[in-house]
Amino acid sequence: MSRIAKTFETLRGQGRKALIPFITAGDPDPDMTLPLMQALVEGGADIIELGVPFSDPMADGPTIQRASERALQHGMSLRGVLGIVSAFRRENGNTPVVLMGYANPIEAYGTDVFARDAQAAGVDGVLVVDYPPEECVEFSASLRDHDLDPIFLLAPTSTEQRYSEVAALGSGYLYYVSLKGVTGAGHLDFDEVARRIPVIREKVGMPVGVGFGIRDAASARRIAQVADAVVIGSRIIEEIENSPRDEGPARVRAFLREIRMALDSKSGRGFEEKP
Amino acid sequence: MPMHELPYHQPDAHGHFGRYGGSFVAETLKPALDELLAAYADAQRDPAFRAEFEYDLKHYVGRPSPIYHAKRWSKLLGGAQIYLKREDLNHTGAHKVNNCIGQALLARRMGKPRVIAETGAGQHGVATATVAARYGMECCVYMGSEDIKRQAANVYRMKLLGATVVPVNSGSKTLKDALNEAMRDWVTNVGNTFYIIGTVAGPHPYPMLVRDFQTVIGTECLTQMPELAGRQPDAVIACVGGGSNAMGIFYSYIPKTDVRLIGVEAAGFGLATGKHAAPLTANSPVGVLHGNRTYLMQDENGQIIETHSISAGLDYPGVGPEHAWLKDSGRAEYVAVTDDEALAAFHALCRLEGIIPALESSHALAYAAKIAPSMSSDKLLLVNLSGRGDKDMHTVAEKSGIQF
């Protein structure tokens, strides 16, 4: 069983929801990524999404684009990201790591070589933002050959036909983009999320994580009422951006703990599932 | 549409030109592209759509644009006869407006009251702002802040036409970053917004539909050349940034295999310097950017690198996927000319023919000037003069050390 599947199984047994923070590898500089990943684990992360910086992050908002630019200024590369994951794996054998990025750095690396090296480094899943299922048949096969979970996105605008395409190619979990727009955008339509998630979960037959627009404990808890996992990205990047370099990990840990506590609290007030 | 009459069937149903093209976008955009594809297919079956498009091309743009025999310049060069397809005489001063009318009519048909666009030199932005005014649509144009500095007059033109111009400060602050930003706007406002892409790049169906709307250029040439010159040209030459004017004039000639098709990229300071915008000529690696797979200027880590050209409209690290396909298939040849060569052709056309060409088009002219002297005087070169150079006064003056 993959590390991702095992993680969700354990959480299900405990009646808990997965917390999936996102940071960009190499932001604010490559030496800080490992301490930040450790801080995320200490803060309660169940899975870490590690962004592979790209010069043209079309689907991201300004916050993650700035993180990408800082990382690239420090010479971060896909090879460098895999090096960081290897180092993380030497200390942590349990927390799944999912790489999230754009197609071009992976194609420049070579898709098959990448799958091999990612597996060797201890990566668990890969989400390529600009590889929709129809452009990802071969790459998904290559990932699965190397025991890596291909993770896909679904959006509020996705048709049910697309749920099936994603179900056929993806594994691990499904990432539901909770609003129209780019990462870090403002508002979230909870009712819409609550209506869609059960349908999607049934169609795709895997855990569903929700991201884009989750910014605090309250919104995380509301989302966790219906989703299997909560993904938080831009808000954590902002925390890193606004901290003195050495205080980044401590601040990120504290921020994530708050979310963790909200997710694990049994009261679950503030969210009413609509039929 | 003409594509159905031709023995050339690209792209396939998923927008692939061989290994190029495709639809490499985040899931959030996919349904919007499917909706666009369906609307376009529907419009193609509707004679009224075609009729309205053609009406506006004739009465609003001023088509057909003439072909002009540049006799004095040809004589001076002492070889092949050079003919110019005068897209510079179109309303708004470039070929861009053909495509904008097509897409604005599609937007109206789809019930989208707001159009957005990216622009480099400002020509596509001006054309979009123009048709938005013409059809009563809200218009927002994204433009790199570097380009805004280089093209102040066009920025003002867009504002006069009622458009909002949004400066883009991310990345290299040029065309590619404007495209990123426009995509972000589209993904956020997809319900009421139509994204008018200006070139034959982007995700399927854009490379196909932009090409189809620009095909009028080459179709006119097919009848005009025999009337004016007695036969079809030996070669058709066009500049290539994203490549819409080139696809527009090439497309109808693809089945005529005795006509050479030559795309001219921007060699900037020279291919050897790395400061250029010529991914095809430089044999750049193939990659994925802005929704399609194509030749891409990138570093060894797959990061897109900054390009250079004196012409903002050619300053783009990728190229339309159909050009990538035409290069690999050998049907078209791709070459590059430097900033200085383009400038020399710019000045020659001003002085000898009384035509001020756009710096983009000057690249195609420069290549014609390069090969004409070695050809006999009964050979015919057809150059797509894709736009006029009024917008480039500032750049050319600066190069000559003149301040306004």
# chains A, B, ... in the order shown; residues from 1 in each chain; ligands from 1

$ closest_atom_pairs --of "chain A" --to "chain B" --cutoff "10 Å" --atoms "only C-alpha atoms" --output "JSON lines"
{"residue": "A:Pro53", "atom": "CA", "partner": "B:Gln303", "partner_atom": "CA", "distance": 8.8}
{"residue": "A:Phe54", "atom": "CA", "partner": "B:Gln303", "partner_atom": "CA", "distance": 6.1}
{"residue": "A:Ser55", "atom": "CA", "partner": "B:Gln303", "partner_atom": "CA", "distance": 5.5}
{"residue": "A:Asp56", "atom": "CA", "partner": "B:Asn180", "partner_atom": "CA", "distance": 6.9}
{"residue": "A:Pro57", "atom": "CA", "partner": "B:Asn180", "partner_atom": "CA", "distance": 7.5}
{"residue": "A:Met58", "atom": "CA", "partner": "B:Asn180", "partner_atom": "CA", "distance": 5.0}
{"residue": "A:Ala59", "atom": "CA", "partner": "B:Arg184", "partner_atom": "CA", "distance": 6.5}
{"residue": "A:Asp60", "atom": "CA", "partner": "B:Arg184", "partner_atom": "CA", "distance": 7.8}
{"residue": "A:Gly61", "atom": "CA", "partner": "B:Arg184", "partner_atom": "CA", "distance": 7.7}
{"residue": "A:Pro62", "atom": "CA", "partner": "B:Ser170", "partner_atom": "CA", "distance": 8.3}
{"residue": "A:Gln65", "atom": "CA", "partner": "B:Ser170", "partner_atom": "CA", "distance": 8.2}
{"residue": "A:Arg66", "atom": "CA", "partner": "B:Ser170", "partner_atom": "CA", "distance": 8.4}
{"residue": "A:Glu69", "atom": "CA", "partner": "B:Gly171", "partner_atom": "CA", "distance": 7.7}
{"residue": "A:Leu72", "atom": "CA", "partner": "B:Gln303", "partner_atom": "CA", "distance": 8.8}
{"residue": "A:Gly75", "atom": "CA", "partner": "B:Asn301", "partner_atom": "CA", "distance": 9.7}
{"residue": "A:Met76", "atom": "CA", "partner": "B:Asn301", "partner_atom": "CA", "distance": 9.1}
{"residue": "A:Ser77", "atom": "CA", "partner": "B:Asn301", "partner_atom": "CA", "distance": 6.1}
{"residue": "A:Leu78", "atom": "CA", "partner": "B:Asn301", "partner_atom": "CA", "distance": 7.0}
{"residue": "A:Arg79", "atom": "CA", "partner": "B:Asn301", "partner_atom": "CA", "distance": 8.2}
{"residue": "A:Tyr102", "atom": "CA", "partner": "B:Val288", "partner_atom": "CA", "distance": 8.6}
{"residue": "A:Ala103", "atom": "CA", "partner": "B:Val288", "partner_atom": "CA", "distance": 6.3}
{"residue": "A:Asn104", "atom": "CA", "partner": "B:Val288", "partner_atom": "CA", "distance": 5.2}
{"residue": "A:Pro105", "atom": "CA", "partner": "B:Gly302", "partner_atom": "CA", "distance": 4.1}
{"residue": "A:Ile106", "atom": "CA", "partner": "B:Gly302", "partner_atom": "CA", "distance": 7.4}
{"residue": "A:Glu107", "atom": "CA", "partner": "B:Gly287", "partner_atom": "CA", "distance": 6.5}
{"residue": "A:Ala108", "atom": "CA", "partner": "B:Gly302", "partner_atom": "CA", "distance": 4.9}
{"residue": "A:Tyr109", "atom": "CA", "partner": "B:Asn301", "partner_atom": "CA", "distance": 6.9}
{"residue": "A:Val128", "atom": "CA", "partner": "B:Ala26", "partner_atom": "CA", "distance": 8.6}
{"residue": "A:Val129", "atom": "CA", "partner": "B:Ala26", "partner_atom": "CA", "distance": 5.3}
{"residue": "A:Asp130", "atom": "CA", "partner": "B:Val25", "partner_atom": "CA", "distance": 4.3}
{"residue": "A:Tyr131", "atom": "CA", "partner": "B:Phe24", "partner_atom": "CA", "distance": 5.5}
{"residue": "A:Pro132", "atom": "CA", "partner": "B:Glu27", "partner_atom": "CA", "distance": 6.1}
{"residue": "A:Pro133", "atom": "CA", "partner": "B:Glu27", "partner_atom": "CA", "distance": 8.8}
{"residue": "A:Glu134", "atom": "CA", "partner": "B:Ser23", "partner_atom": "CA", "distance": 8.3}
{"residue": "A:Glu135", "atom": "CA", "partner": "B:Phe24", "partner_atom": "CA", "distance": 6.9}
{"residue": "A:Cys136", "atom": "CA", "partner": "B:Phe24", "partner_atom": "CA", "distance": 9.4}
{"residue": "A:Phe152", "atom": "CA", "partner": "B:Glu27", "partner_atom": "CA", "distance": 8.4}
{"residue": "A:Leu153", "atom": "CA", "partner": "B:Glu27", "partner_atom": "CA", "distance": 6.0}
{"residue": "A:Leu154", "atom": "CA", "partner": "B:Glu27", "partner_atom": "CA", "distance": 5.9}
{"residue": "A:Ala155", "atom": "CA", "partner": "B:Thr28", "partner_atom": "CA", "distance": 5.3}
{"residue": "A:Pro156", "atom": "CA", "partner": "B:Thr28", "partner_atom": "CA", "distance": 7.7}
{"residue": "A:Thr157", "atom": "CA", "partner": "B:Pro31", "partner_atom": "CA", "distance": 6.2}
{"residue": "A:Ser158", "atom": "CA", "partner": "B:Pro31", "partner_atom": "CA", "distance": 6.1}
{"residue": "A:Thr159", "atom": "CA", "partner": "B:Pro31", "partner_atom": "CA", "distance": 7.5}
{"residue": "A:Arg162", "atom": "CA", "partner": "B:Glu27", "partner_atom": "CA", "distance": 9.3}
{"residue": "A:Tyr176", "atom": "CA", "partner": "B:Glu27", "partner_atom": "CA", "distance": 9.8}
{"residue": "A:Val177", "atom": "CA", "partner": "B:Thr28", "partner_atom": "CA", "distance": 7.8}
{"residue": "A:Leu179", "atom": "CA", "partner": "B:Thr188", "partner_atom": "CA", "distance": 8.4}
{"residue": "A:Lys180", "atom": "CA", "partner": "B:Thr188", "partner_atom": "CA", "distance": 5.1}
{"residue": "A:Gly181", "atom": "CA", "partner": "B:Thr188", "partner_atom": "CA", "distance": 3.8}
{"residue": "A:Val182", "atom": "CA", "partner": "B:Arg184", "partner_atom": "CA", "distance": 6.4}
{"residue": "A:Thr183", "atom": "CA", "partner": "B:Arg184", "partner_atom": "CA", "distance": 9.8}
{"residue": "A:Ala185", "atom": "CA", "partner": "B:Thr188", "partner_atom": "CA", "distance": 9.0}

$ write_last_selection --atoms "C-alpha atoms" --output "mmCIF file, in the first residue's frame"
data_model
loop_
_atom_site.group_PDB
_atom_site.id
_atom_site.type_symbol
_atom_site.label_atom_id
_atom_site.label_comp_id
_atom_site.auth_asym_id
_atom_site.auth_seq_id
_atom_site.Cartn_x
_atom_site.Cartn_y
_atom_site.Cartn_z
ATOM 1 C CA PRO A 53 9.117 26.345 -9.018
ATOM 2 C CA PHE A 54 8.393 27.369 -12.608
ATOM 3 C CA SER A 55 9.035 30.633 -14.416
ATOM 4 C CA ASP A 56 5.453 30.856 -15.741
ATOM 5 C CA PRO A 57 3.044 29.539 -13.109
ATOM 6 C CA MET A 58 -0.131 30.269 -15.061
ATOM 7 C CA ALA A 59 -2.594 28.697 -12.629
ATOM 8 C CA ASP A 60 -1.167 30.334 -9.533
ATOM 9 C CA GLY A 61 -1.898 33.687 -8.012
ATOM 10 C CA PRO A 62 0.669 36.357 -7.140
ATOM 11 C CA GLN A 65 4.308 33.168 -8.206
ATOM 12 C CA ARG A 66 6.466 35.294 -5.891
ATOM 13 C CA GLU A 69 10.484 33.667 -8.345
ATOM 14 C CA LEU A 72 14.380 30.394 -8.969
ATOM 15 C CA GLY A 75 18.848 28.474 -8.426
ATOM 16 C CA MET A 76 16.186 25.973 -7.371
ATOM 17 C CA SER A 77 15.607 23.247 -9.963
ATOM 18 C CA LEU A 78 13.655 20.007 -10.215
ATOM 19 C CA ARG A 79 16.894 18.132 -9.530
ATOM 20 C CA TYR A 102 4.124 22.458 -14.225
ATOM 21 C CA ALA A 103 4.884 20.206 -17.169
ATOM 22 C CA ASN A 104 7.887 21.932 -18.674
ATOM 23 C CA PRO A 105 10.519 21.366 -15.962
ATOM 24 C CA ILE A 106 9.490 17.693 -15.879
ATOM 25 C CA GLU A 107 9.658 17.355 -19.661
ATOM 26 C CA ALA A 108 13.055 19.071 -19.695
ATOM 27 C CA TYR A 109 14.215 16.544 -17.076
ATOM 28 C CA VAL A 128 1.234 18.419 -12.858
ATOM 29 C CA VAL A 129 -1.068 21.410 -13.039
ATOM 30 C CA ASP A 130 -1.030 21.716 -16.834
ATOM 31 C CA TYR A 131 -1.371 18.007 -17.574
ATOM 32 C CA PRO A 132 -5.123 17.438 -17.718
ATOM 33 C CA PRO A 133 -6.007 13.722 -17.978
ATOM 34 C CA GLU A 134 -6.194 13.716 -21.791
ATOM 35 C CA GLU A 135 -2.576 14.907 -22.043
ATOM 36 C CA CYS A 136 -1.373 12.692 -19.214
ATOM 37 C CA PHE A 152 -5.395 15.277 -10.559
ATOM 38 C CA LEU A 153 -7.436 18.407 -10.124
ATOM 39 C CA LEU A 154 -11.161 18.817 -10.548
ATOM 40 C CA ALA A 155 -12.872 22.205 -10.608
ATOM 41 C CA PRO A 156 -16.385 23.518 -9.952
ATOM 42 C CA THR A 157 -16.755 23.734 -13.736
ATOM 43 C CA SER A 158 -15.694 20.127 -14.400
ATOM 44 C CA THR A 159 -18.299 17.865 -15.947
ATOM 45 C CA ARG A 162 -14.221 14.475 -16.486
ATOM 46 C CA TYR A 176 -10.795 19.638 -5.763
ATOM 47 C CA VAL A 177 -10.215 23.286 -6.601
ATOM 48 C CA LEU A 179 -13.302 28.096 -6.517
ATOM 49 C CA LYS A 180 -12.932 29.556 -9.959
ATOM 50 C CA GLY A 181 -9.648 31.356 -10.120
ATOM 51 C CA VAL A 182 -6.046 30.995 -9.185
ATOM 52 C CA THR A 183 -4.361 29.913 -5.971
ATOM 53 C CA ALA A 185 -7.928 33.870 -4.322
#

$ residues_around --residues "A:Gly44" --least-positions-apart "6" --cutoff "8 Å" --atoms "only C-alpha atoms" --output "count of residues only"
4

$ residues_around --residues "A:Glu258" --least-positions-apart "5" --cutoff "10 Å" --atoms "only C-alpha atoms" --output "PyMOL selection string"
chain A and resi 43-44+216-218+253+263

$ residues_around --residues "A:Met206" --least-positions-apart "3" --cutoff "8 Å" --atoms "only C-alpha atoms" --output "PyMOL selection string"
chain A and resi 171-174+201-202

$ residues_around --residues "B:Tyr334" --least-positions-apart "6" --cutoff "8 Å" --atoms "only C-alpha atoms" --output "list in words"
Ile262, Gly263, Val264, Glu265, Leu280, Thr281 and Lys327 of chain B

$ select_by_dssp --residues "stretch 248-283 of chain B" --states "strand (DSSP E)" --output "list of chain:residue names"
B:Arg260, B:Leu261, B:Ile262, B:Gly263, B:Val264, B:Glu265, B:Ala266, B:Ala267, B:Gly268

$ write_last_selection --atoms "all heavy atoms" --output "compact mmCIF listing (two decimals), in the first residue's frame"
# COMPACT_ATOMS: atom_id res chain seq x y z
N ARG B 260 7.56 27.93 -52.00
CA ARG B 260 8.30 27.83 -50.73
C ARG B 260 7.63 28.69 -49.66
O ARG B 260 7.18 29.80 -49.93
CB ARG B 260 9.73 28.35 -50.91
CG ARG B 260 10.66 27.41 -51.63
CD ARG B 260 11.99 28.11 -51.93
NE ARG B 260 12.78 28.39 -50.72
CZ ARG B 260 13.85 29.18 -50.72
NH1 ARG B 260 14.25 29.80 -51.82
NH2 ARG B 260 14.53 29.37 -49.59
N LEU B 261 7.56 28.19 -48.46
CA LEU B 261 7.01 28.95 -47.33
C LEU B 261 8.17 29.23 -46.39
O LEU B 261 8.83 28.31 -45.91
CB LEU B 261 5.92 28.16 -46.61
CG LEU B 261 4.76 27.67 -47.49
CD1 LEU B 261 3.78 26.83 -46.68
CD2 LEU B 261 4.05 28.85 -48.15
N ILE B 262 8.43 30.52 -46.13
CA ILE B 262 9.58 30.88 -45.31
C ILE B 262 9.14 31.75 -44.14
O ILE B 262 8.62 32.86 -44.32
CB ILE B 262 10.64 31.64 -46.14
CG1 ILE B 262 11.03 30.82 -47.39
CG2 ILE B 262 11.87 31.94 -45.28
CD1 ILE B 262 11.94 31.57 -48.36
N GLY B 263 9.33 31.24 -42.94
CA GLY B 263 9.00 31.98 -41.73
C GLY B 263 10.27 32.63 -41.19
O GLY B 263 11.32 31.98 -41.12
N VAL B 264 10.17 33.91 -40.84
CA VAL B 264 11.36 34.65 -40.40
C VAL B 264 11.21 35.01 -38.93
O VAL B 264 10.33 35.78 -38.54
CB VAL B 264 11.58 35.92 -41.24
CG1 VAL B 264 12.90 36.59 -40.85
CG2 VAL B 264 11.55 35.59 -42.73
N GLU B 265 12.09 34.45 -38.12
CA GLU B 265 12.06 34.73 -36.68
C GLU B 265 13.02 35.88 -36.36
O GLU B 265 13.82 36.30 -37.19
CB GLU B 265 12.46 33.48 -35.90
CG GLU B 265 11.47 32.33 -36.06
CD GLU B 265 11.82 31.16 -35.15
OE1 GLU B 265 12.91 30.57 -35.32
OE2 GLU B 265 10.99 30.83 -34.29
N ALA B 266 12.94 36.32 -35.10
CA ALA B 266 13.78 37.43 -34.66
C ALA B 266 15.09 36.89 -34.08
O ALA B 266 15.08 36.22 -33.05
CB ALA B 266 13.05 38.26 -33.61
N ALA B 267 16.21 37.20 -34.77
CA ALA B 267 17.52 36.77 -34.25
C ALA B 267 18.07 37.76 -33.23
O ALA B 267 19.15 37.54 -32.69
CB ALA B 267 18.51 36.58 -35.41
N GLY B 268 17.35 38.84 -32.98
CA GLY B 268 17.76 39.80 -31.95
C GLY B 268 19.18 40.29 -32.16
O GLY B 268 19.53 40.81 -33.22

$ residues_around --residues "B:Ala178" --least-positions-apart "2" --cutoff "9 Å" --atoms "only C-alpha atoms" --output "NGL selection string"
:B and (117-120 or 141-145 or 166-170 or 173-176 or 180-183)

$ residues_around --residues "B:Ala13" --least-positions-apart "6" --cutoff "12 Å" --atoms "only C-alpha atoms" --output "ChimeraX atom specification"
/A:134 /B:21-23,34,37-38,41,204-205,208

$ write_last_selection --atoms "C-alpha atoms" --output "CSV table (one decimal), in the first residue's frame"
chain,number,residue,atom,x,y,z
A,134,GLU,CA,-6.2,13.7,-21.8
B,21,GLY,CA,-0.2,21.7,-29.8
B,22,GLY,CA,-2.7,20.0,-27.5
B,23,SER,CA,-4.5,21.4,-24.5
B,34,ASP,CA,-14.6,22.7,-24.5
B,37,LEU,CA,-14.6,24.5,-29.2
B,38,ALA,CA,-18.3,23.6,-29.4
B,41,ALA,CA,-17.9,24.2,-34.5
B,204,HIS,CA,-6.7,24.0,-28.5
B,205,PRO,CA,-8.8,25.4,-30.2
B,208,MET,CA,-6.8,26.5,-35.1

$ select_by_dssp --residues "stretch 42-216 of chain A" --states "helix (DSSP H, G or I)" --output "PyMOL selection string"
chain A and resi 42-43+62-73+78-91+103-109+111-121+133-135+137-145+160-169+190-204

$ closest_residue --among "A:Phe212, A:Ala262, A:Ser86, A:Ala67" --to "A:Ala25" --atoms "only C-alpha atoms"
A:Ala67

$ closest_residue --among "A:Asp112, A:Asp147, A:Asp29, A:Glu160" --to "A:Met1" --atoms "only C-alpha atoms"
A:Asp147
